[in-house]
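Text of the file target07.txt, holding compact mmCIF, C-alpha atoms and all ligand atoms:
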```txt
# COMPACT_ATOMS: atom_id res chain seq x y z
CA MET A 164 39.80 -2.84 45.34
CA ALA A 165 36.89 -3.88 43.10
CA PHE A 166 34.58 -0.90 42.93
CA THR A 167 31.43 -1.11 40.88
CA ARG A 168 29.45 1.66 39.30
CA ASP A 169 25.92 1.94 40.48
CA SER A 170 24.16 2.13 37.16
CA ASP A 171 20.66 2.92 38.35
CA GLN A 172 20.83 5.32 41.24
CA ARG A 173 17.10 5.84 41.43
CA LEU A 174 16.47 2.23 42.21
CA SER A 175 19.53 1.61 44.32
CA ARG A 176 19.03 1.65 48.05
CA TYR A 177 21.82 2.32 50.44
CA ASP A 178 21.61 1.20 53.96
CA ASN A 179 22.22 3.98 56.45
CA GLY A 180 24.93 1.67 57.75
CA ASP A 181 26.91 2.26 54.55
CA ALA A 182 29.64 4.90 54.51
CA LEU A 183 28.60 7.44 51.86
CA ILE A 184 31.22 10.00 50.82
CA LEU A 185 30.26 12.85 48.49
CA VAL A 186 33.00 14.12 46.16
CA ILE A 187 32.27 17.65 45.01
CA GLY A 188 34.09 20.66 43.52
CA PRO A 189 34.68 22.77 40.43
CA SER A 190 34.68 21.17 37.00
CA GLY A 191 38.04 19.61 36.17
CA ALA A 192 39.28 19.71 39.79
CA GLY A 193 39.92 15.96 39.69
CA LYS A 194 36.85 14.47 41.39
CA SER A 195 36.58 11.44 39.12
CA THR A 196 40.36 10.97 39.16
CA PHE A 197 40.31 10.93 42.96
CA ILE A 198 37.78 8.09 42.88
CA ASN A 199 39.77 6.18 40.26
CA ASN A 200 42.99 6.58 42.23
CA TYR A 201 41.31 5.30 45.37
CA ALA A 202 39.65 2.40 43.55
CA LYS A 203 42.92 1.68 41.69
CA GLU A 204 40.96 1.21 38.50
CA PRO A 205 39.34 3.58 36.01
CA VAL A 206 35.76 3.19 37.14
CA ALA A 207 34.81 6.86 36.67
CA LYS A 208 35.08 8.70 33.37
CA VAL A 209 37.78 11.37 33.36
CA THR A 210 38.03 14.53 31.27
CA GLU A 211 40.55 14.39 28.47
CA GLY A 212 39.80 17.69 26.80
CA TYR A 213 38.47 20.95 28.15
CA LEU A 214 34.82 20.04 28.30
CA ALA A 215 33.18 19.10 31.56
CA CYS A 216 33.08 15.35 31.86
CA THR A 217 30.89 13.88 34.59
CA GLU A 218 27.32 14.61 33.61
CA ALA A 219 25.38 12.85 36.32
CA VAL A 220 25.81 11.88 39.92
CA GLU A 221 27.39 8.44 39.94
CA ALA A 222 27.99 6.24 42.93
CA PHE A 223 30.83 3.73 43.11
CA THR A 224 30.51 1.02 45.68
CA GLY A 225 33.25 -1.11 47.16
CA LYS A 226 34.50 -2.69 50.32
CA LEU A 227 35.43 -0.61 53.33
CA PRO A 228 39.12 -0.72 54.26
CA LEU A 229 39.77 -3.55 56.71
CA ASP A 230 40.91 -1.22 59.48
CA SER A 231 37.70 0.82 59.64
CA GLY A 232 37.48 0.47 63.41
CA ASP A 233 34.14 1.55 64.78
CA LEU A 234 32.66 1.35 61.32
CA SER A 235 32.74 -2.43 61.41
CA SER A 236 28.95 -2.44 61.32
CA LYS A 237 29.00 -0.44 58.10
CA LYS A 238 28.47 -2.49 55.05
CA GLN A 239 29.95 -0.71 52.08
CA LEU A 240 31.99 2.31 51.09
CA VAL A 241 30.14 4.42 48.51
CA LEU A 242 32.09 7.17 46.72
CA VAL A 243 29.71 9.57 45.06
CA ASP A 244 31.05 11.43 42.00
CA THR A 245 29.25 14.65 41.07
CA PRO A 246 29.20 16.94 38.03
CA GLY A 247 31.23 20.13 38.46
CA PHE A 248 29.49 23.46 38.86
CA LEU A 249 29.84 26.32 36.38
CA ALA A 250 31.69 24.41 33.70
CA GLY A 251 31.11 27.44 31.48
CA ASP A 252 31.13 25.38 28.31
CA GLY A 253 27.98 27.08 27.08
CA ILE A 254 26.45 23.69 26.46
CA ARG A 255 25.27 22.45 29.77
CA ASP A 256 22.36 23.77 31.75
CA GLU A 257 24.17 25.16 34.80
CA SER A 258 21.34 24.40 37.18
CA LYS A 259 21.64 20.67 36.51
CA PRO A 260 24.48 19.73 38.89
CA LEU A 261 22.63 21.19 41.87
CA LYS A 262 19.40 19.49 40.82
CA GLN A 263 21.17 16.15 40.37
CA ILE A 264 23.01 16.40 43.67
CA ALA A 265 19.80 17.38 45.47
CA GLU A 266 17.92 14.46 43.94
CA TRP A 267 20.65 12.04 44.90
CA LEU A 268 20.88 13.30 48.46
CA ARG A 269 17.15 13.15 48.86
CA PRO A 270 15.67 10.58 46.48
CA LYS A 271 12.00 10.97 45.56
CA HIS A 272 11.30 7.54 46.99
CA GLY A 273 13.02 6.65 50.18
CA PRO A 274 14.67 8.57 52.98
CA PRO A 275 17.47 11.14 52.59
CA ARG A 276 20.90 9.55 52.33
CA LEU A 277 23.01 10.17 55.39
CA LEU A 278 26.57 11.11 54.51
CA THR A 279 29.66 9.96 56.36
CA GLY A 280 31.83 12.64 54.81
CA ILE A 281 32.33 15.20 52.07
CA ILE A 282 35.43 15.75 49.94
CA TYR A 283 35.76 19.18 48.32
CA LEU A 284 38.39 19.00 45.56
CA HIS A 285 40.56 21.97 44.61
CA ASP A 286 42.94 22.03 41.63
CA MET A 287 46.34 23.39 42.76
CA SER A 288 47.54 23.94 39.20
CA VAL A 289 45.08 26.83 38.92
CA LYS A 290 47.04 29.79 40.16
CA THR A 291 44.22 32.30 40.54
CA ILE A 292 40.94 31.99 42.35
CA HIS A 293 38.77 32.94 39.41
CA LYS A 294 35.11 33.77 39.61
CA GLU A 295 33.81 30.28 38.91
CA ILE A 296 36.01 28.76 41.63
CA ARG A 297 34.85 31.36 44.14
CA MET A 298 31.22 30.86 43.14
CA THR A 299 31.45 27.07 43.34
CA LEU A 300 32.74 27.31 46.90
CA SER A 301 29.91 29.62 47.89
CA ILE A 302 27.30 27.26 46.39
CA PHE A 303 29.00 24.35 48.15
CA SER A 304 28.88 26.19 51.48
CA LYS A 305 25.11 26.57 51.10
CA ILE A 306 24.67 22.90 50.17
CA CYS A 307 26.63 21.85 53.19
CA GLY A 308 25.55 24.38 55.82
CA GLN A 309 27.55 25.32 58.88
CA ASP A 310 26.75 22.15 60.83
CA ALA A 311 28.12 19.81 58.15
CA VAL A 312 31.42 21.64 57.63
CA PRO A 313 33.30 19.45 60.18
CA MET A 314 32.59 16.40 58.02
CA THR A 315 34.34 18.06 55.07
CA ILE A 316 37.93 17.61 53.93
CA LEU A 317 39.27 20.18 51.49
CA VAL A 318 41.48 18.11 49.22
CA LYS A 319 44.13 19.72 47.00
CA SER A 320 44.75 17.82 43.77
CA HIS A 321 47.14 18.49 40.85
CA TRP A 322 49.94 18.84 43.39
CA SER A 323 53.44 19.70 42.22
CA ALA A 324 56.68 19.33 44.14
CA ASP A 325 57.72 22.97 43.73
CA GLU A 326 57.84 25.29 46.71
CA GLY A 327 55.18 27.54 45.16
CA CYS A 328 52.54 24.85 45.44
CA GLN A 329 53.02 24.51 49.20
CA LYS A 330 52.93 28.30 49.55
CA ARG A 331 49.71 28.51 47.56
CA SER A 332 48.18 25.76 49.66
CA ASP A 333 49.06 27.63 52.88
CA ALA A 334 47.68 30.85 51.40
CA LEU A 335 44.43 29.09 50.47
CA ASN A 336 44.05 27.78 54.01
CA SER A 337 44.56 31.18 55.55
CA GLY A 338 42.45 32.97 52.91
CA PHE A 339 39.98 31.41 50.50
CA PHE A 340 39.30 28.35 52.68
CA SER A 341 39.71 30.02 56.06
CA ALA A 342 35.97 30.34 56.83
CA LEU A 343 35.47 26.62 56.26
CA ILE A 344 38.61 25.68 58.18
CA ASN A 345 37.59 27.89 61.09
CA ALA A 346 34.21 26.16 61.05
CA GLY A 347 35.87 22.74 61.36
CA ALA A 348 36.81 21.59 57.85
CA GLU A 349 40.20 19.89 57.45
CA SER A 350 42.63 20.43 54.60
CA MET A 351 44.71 17.67 53.01
CA ASP A 352 47.16 17.85 50.13
CA ILE A 353 47.48 14.87 47.77
CA ASN A 354 51.23 15.31 47.69
CA GLY A 355 52.67 11.80 47.74
CA ASN A 356 52.79 11.53 51.53
CA THR A 357 49.05 12.00 51.75
CA THR A 358 47.11 9.83 49.34
CA GLU A 359 43.48 9.21 48.42
CA GLU A 360 43.51 6.36 50.96
CA THR A 361 44.68 8.71 53.71
CA VAL A 362 41.78 11.06 52.97
CA ILE A 363 39.13 8.32 52.97
CA GLN A 364 40.60 6.79 56.12
CA ARG A 365 40.45 10.18 57.84
CA LEU A 366 36.79 10.65 56.91
CA LEU A 367 35.95 7.17 58.12
CA GLU A 368 37.71 7.86 61.42
CA LYS A 369 35.73 11.05 61.90
CA ASP A 370 32.34 9.66 60.90
CA THR A 371 30.68 12.30 63.03
CA ARG A 372 27.63 12.46 60.82
CA LYS A 373 24.43 12.27 62.78
CA SER A 374 22.06 14.48 60.86
CA LEU A 375 21.23 15.82 57.43
CA ILE A 376 23.24 18.47 55.60
CA GLN A 377 21.58 21.85 54.96
CA LEU A 378 20.27 21.11 51.46
CA GLN A 379 18.70 17.86 52.67
CA ARG A 380 17.12 19.63 55.64
CA GLU A 381 15.61 22.31 53.41
CA LEU A 382 14.24 19.72 50.99
CA GLU A 383 12.79 17.80 53.93
CA GLU A 384 11.03 20.99 55.00
CA GLY A 385 9.34 20.95 51.60
CA LYS A 386 11.35 23.69 49.88
CA LYS A 387 11.76 23.40 46.11
CA ILE A 388 15.39 23.48 44.92
CA PRO A 389 15.30 27.13 43.73
CA ARG A 390 14.05 28.20 47.18
CA THR A 391 16.89 26.49 49.05
CA ALA A 392 19.94 28.50 50.12
CA ALA A 393 22.04 26.68 47.49
CA GLY A 394 19.40 27.32 44.80
CA LYS A 395 19.28 31.02 45.62
CA GLU A 396 23.07 31.21 45.61
CA LEU A 397 23.22 29.50 42.21
CA LYS A 398 20.66 31.90 40.76
CA ARG A 399 22.56 34.90 42.15
CA THR A 400 25.75 33.47 40.70
CA LEU A 401 24.32 32.95 37.22
CA GLU A 402 22.89 36.46 37.20
CA GLU A 403 26.31 37.80 38.15
CA LEU A 404 27.94 35.83 35.34
CA VAL A 405 25.48 37.23 32.81
CA ARG A 406 25.92 40.74 34.21
CA SER A 407 29.67 40.59 34.00
CA ALA A 408 29.46 39.39 30.41
CA VAL A 409 27.68 42.59 29.44
CA ASP A 410 29.72 45.68 30.08
CA SER A 411 28.20 48.18 27.68
CA LYS A 412 25.60 50.84 28.33
CA SER A 413 24.50 51.40 24.75
CA ARG A 414 21.22 49.90 23.67
CA SER A 415 22.53 48.68 20.31
CA ALA A 416 25.49 47.02 21.98
CA LEU A 417 23.16 45.35 24.45
CA LYS A 418 21.01 44.05 21.59
CA ARG A 419 24.15 42.64 20.01
CA ALA A 420 25.12 41.15 23.36
CA ILE A 421 21.80 39.35 23.67
CA LYS A 422 22.31 37.88 20.23
CA GLU A 423 25.80 36.75 21.11
CA LEU A 424 24.80 35.52 24.53
CA LYS A 425 21.90 33.52 23.21
CA PRO A 426 23.82 30.40 22.26
CA THR A 427 26.04 30.62 25.30
CA LEU A 428 24.98 32.20 28.56
CA ALA A 429 21.31 32.42 27.70
CA HIS A 430 21.37 28.77 26.81
CA ARG A 431 23.01 27.99 30.12
CA ILE A 432 20.22 29.54 32.09
CA GLN A 433 17.37 28.17 30.03
CA GLU A 434 15.47 25.18 31.39
CA MET A 435 16.52 26.46 34.78
CA LEU A 436 13.76 24.80 36.69
CA GLY A 437 11.38 27.42 35.33
CA TRP A 438 13.45 30.31 36.57
CA SER A 439 13.77 33.54 34.71
CA VAL A 440 16.77 35.76 35.06
CA SER A 441 16.64 39.52 34.93
CA VAL A 442 19.80 41.54 34.91
CA TYR A 443 19.66 45.23 35.69
CA LEU A 444 22.30 47.29 34.00
CA PRO A 445 23.43 50.89 34.28
CA GLY A 446 21.16 53.37 32.48
CA HIS A 447 17.94 51.63 33.59
CA SER A 448 18.27 48.88 31.04
CA CYS A 449 17.41 45.32 31.79
CA LEU A 450 18.24 42.02 30.15
CA TYR A 451 15.63 39.35 30.56
CA PHE A 452 16.10 35.66 29.88
CA SER A 453 13.68 32.83 30.31
CA ALA A 454 13.07 29.46 28.77
CA ASN A 455 11.19 30.94 25.83
CA ARG A 456 12.28 34.53 25.43
CA SER A 457 15.19 36.82 25.91
CA SER A 458 14.81 40.52 25.42
CA ILE A 459 15.89 43.98 26.41
CA GLY A 460 13.91 46.88 27.80
CA ASP A 461 13.92 49.40 30.59
CA LYS A 462 13.01 48.45 34.11
CA ALA A 463 9.50 49.90 33.86
CA SER A 464 8.62 47.93 30.74
CA PHE A 465 9.44 44.69 32.49
CA GLY A 466 6.90 45.25 35.23
CA SER A 467 4.36 43.08 33.45
CA VAL A 468 6.66 40.23 32.42
CA PRO A 469 5.61 37.09 34.24
CA GLY A 470 8.28 35.74 36.52
CA LEU A 471 9.97 39.07 37.16
N1 LIG A 501 48.48 16.29 37.15
C1 LIG A 501 47.30 15.98 37.69
N2 LIG A 501 46.26 15.85 36.86
C2 LIG A 501 45.08 15.53 37.41
C3 LIG A 501 44.92 15.33 38.80
N3 LIG A 501 43.61 15.05 39.04
C4 LIG A 501 43.01 15.09 37.84
N4 LIG A 501 43.88 15.36 36.85
C5 LIG A 501 43.58 15.55 35.43
O1 LIG A 501 42.67 16.65 35.35
C6 LIG A 501 41.70 16.41 34.35
C7 LIG A 501 40.31 16.51 34.96
O2 LIG A 501 40.15 15.44 35.87
P1 LIG A 501 38.71 14.84 36.23
O3 LIG A 501 38.95 13.80 37.26
O4 LIG A 501 37.94 14.45 35.03
O5 LIG A 501 38.03 16.12 36.87
P2 LIG A 501 36.53 16.26 37.40
O6 LIG A 501 36.60 17.14 38.58
O7 LIG A 501 35.93 14.92 37.60
O8 LIG A 501 35.85 17.02 36.19
P3 LIG A 501 34.26 17.11 35.80
O9 LIG A 501 33.71 15.74 35.81
O10 LIG A 501 34.28 17.74 34.46
O11 LIG A 501 33.64 18.00 36.84
C8 LIG A 501 42.04 15.04 33.76
O12 LIG A 501 42.79 15.24 32.59
C9 LIG A 501 42.85 14.37 34.83
O13 LIG A 501 43.75 13.43 34.30
C10 LIG A 501 46.07 15.47 39.64
O14 LIG A 501 46.02 15.34 40.86
N5 LIG A 501 47.22 15.79 39.02
MG MG A 502 34.29 14.06 36.77
```
Please rewrite the model in this file as structure tokens.
Ligand SMILES: Nc1nc2c(ncn2[C@@H]2O[C@H](COP(=O)(O)OP(=O)(O)OP(=O)(O)O)[C@@H](O)[C@H]2O)c(=O)[nH]1
Ligand SMILES: [Mg+2]
Amino acid sequence: MAFTRDSDQRLSRYDNGDALILVIGPSGAGKSTFINNYAKEPVAKVTEGYLACTEAVEAFTGKLPLDSGDLSSKKQLVLVDTPGFLAGDGIRDESKPLKQIAEWLRPKHGPPRLLTGIIYLHDMSVKTIHKEIRMTLSIFSKICGQDAVPMTILVKSHWSADEGCQKRSDALNSGFFSALINAGAESMDINGNTTEETVIQRLLEKDTRKSLIQLQRELEEGKKIPRTAAGKELKRTLEELVRSAVDSKSRSALKRAIKELKPTLAHRIQEMLGWSVSVYLPGHSCLYFSANRSSIGDKASFGSVPGL
């Protein structure tokens, strides 16, 4: 199918006649694999171990399928791979994926890129909806906004033939994904009958996109990323992750926790676009992290800390 990797996204210009499809979802869900399976060649790098793999937004450009109907005026199909949210590897700055996606959707130079569709990948081999999966969906919902939900297909990867997989998929549609489905998102299972081609074809058929998605609209209004709904949701999420990592009330234990957290969670929230994170704990204690300090005190003593 001859897809090529767009090596310099900042300089590349897509025509609004091109069909741009954003592939998004938790780390390891199979976003890059989806693109490779569609392209029928390993254009995107895929995770082999447990560490998050895709580190930047990467666009892969190829020909539209021949039977694209009304899209005949469109020039190219562009599949946009994105880094997963909340990889939790303690290495990556967790604010980066949102920043990179935002910058791709609304380049500094040039107009916002109009999307034809969005694919949200979900890994069916994961049998519980753990915190990071839940949080990723809530950040995604804020990126997308209610109006853009109908251009989204929820795609289930890592499918297995057992009966349990189908049951879990049905349960997801009536539970975890129900708000999106009720708002117009479709669900498709990559189960052998439905393939990557079927999903892309369906998005091309819909091609209902006429306006910007929520994150693009907010950026157009002049909001900085942390002030957008997705930025606020990410910040709330990271604070919750830090809070849940600290479950002790004792001051000495908290001091120890800060030390232990420093190379992991604290590192993850550093360089966060200049954000600081304060976490209030029982007993009037407060953990405070920023790019250059992390400390503990009571709520009153943090009144004078800049950024709080
Ligand atoms: N069995 C199975 N394995 C899959 C499927 N999709 C992806 N994988 C495997 O899952 C792992 C993660 O796949 P990736 O495509 O790198 O996932 P990703 O969502 O791009 O991950 P990040 O880039 O880290 O966000 C790889 O080992 C893939 O081979 C699938 O549908 N079935
Ligand atoms: Mg990837």
Give me, as a tab-separated table, the closest atom pair and its distance (Å, one decimal) for every residue of chain A within a cut-off of 9 Å of ligand LIG 501 (chain A), counting only C-alpha atoms and all ligand atoms, rows sorted by chain and rising number.
```
residue	atom	partner	partner_atom	distance
A:Val186	CA	A:LIG501	O6	8.9
A:Ile187	CA	A:LIG501	O6	7.8
A:Gly188	CA	A:LIG501	O6	6.6
A:Pro189	CA	A:LIG501	O11	6.1
A:Ser190	CA	A:LIG501	O11	3.3
A:Gly191	CA	A:LIG501	O8	3.4
A:Ala192	CA	A:LIG501	O6	3.9
A:Gly193	CA	A:LIG501	O3	3.4
A:Lys194	CA	A:LIG501	O6	3.9
A:Ser195	CA	A:LIG501	O3	3.8
A:Thr196	CA	A:LIG501	O3	3.7
A:Phe197	CA	A:LIG501	O3	6.5
A:Ile198	CA	A:LIG501	O3	8.1
A:Asn199	CA	A:LIG501	O3	8.2
A:Ala207	CA	A:LIG501	O3	8.1
A:Lys208	CA	A:LIG501	O4	6.6
A:Val209	CA	A:LIG501	O4	3.5
A:Thr210	CA	A:LIG501	O4	3.8
A:Glu211	CA	A:LIG501	O12	4.8
A:Gly212	CA	A:LIG501	O12	7.0
A:Tyr213	CA	A:LIG501	O10	8.2
A:Leu214	CA	A:LIG501	O10	6.6
A:Ala215	CA	A:LIG501	O10	3.4
A:Cys216	CA	A:LIG501	O10	3.7
A:Thr217	CA	A:LIG501	O9	3.6
A:Glu218	CA	A:LIG501	O9	6.9
A:Ala219	CA	A:LIG501	O9	8.8
A:Asp244	CA	A:LIG501	O7	7.4
A:Thr245	CA	A:LIG501	O11	7.0
A:Pro246	CA	A:LIG501	O11	4.7
A:Gly247	CA	A:LIG501	O11	3.6
A:Phe248	CA	A:LIG501	O11	7.1
A:Ala250	CA	A:LIG501	O10	7.2
A:Leu284	CA	A:LIG501	O6	7.4
A:His285	CA	A:LIG501	O6	8.7
A:Asp286	CA	A:LIG501	O14	7.4
A:Met287	CA	A:LIG501	O14	8.3
A:Ser288	CA	A:LIG501	N1	8.0
A:Lys319	CA	A:LIG501	O14	7.8
A:Ser320	CA	A:LIG501	O14	4.0
A:His321	CA	A:LIG501	N5	3.3
A:Trp322	CA	A:LIG501	O14	5.8
A:Ser323	CA	A:LIG501	N1	7.9
A:Ile353	CA	A:LIG501	O14	7.1
A:Asn354	CA	A:LIG501	O14	8.6
```
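Interatomic distance, CA of Arg168 in chain A against CA of Lys387 in chain A: 28.8 Å.
The space separating CA of Ser374 in chain A from CA of Met314 in chain A comes to 11.1 Å.
Comparing A:Pro260, A:Ala342, A:Pro228, A:Tyr177 by their smallest distance to ligand MG 502 (chain A), the closest is A:Pro260 (using all atoms listed in the file).
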Box in all listed atoms of range 281-295 of chain A, axis-aligned, with 4 Å more on each side; write out centre and edge lengths in Å to one decimal as JSON.
```
{"center_x": 39.9, "center_y": 24.5, "center_z": 45.5, "size_x": 23.2, "size_y": 26.6, "size_z": 21.2}
```
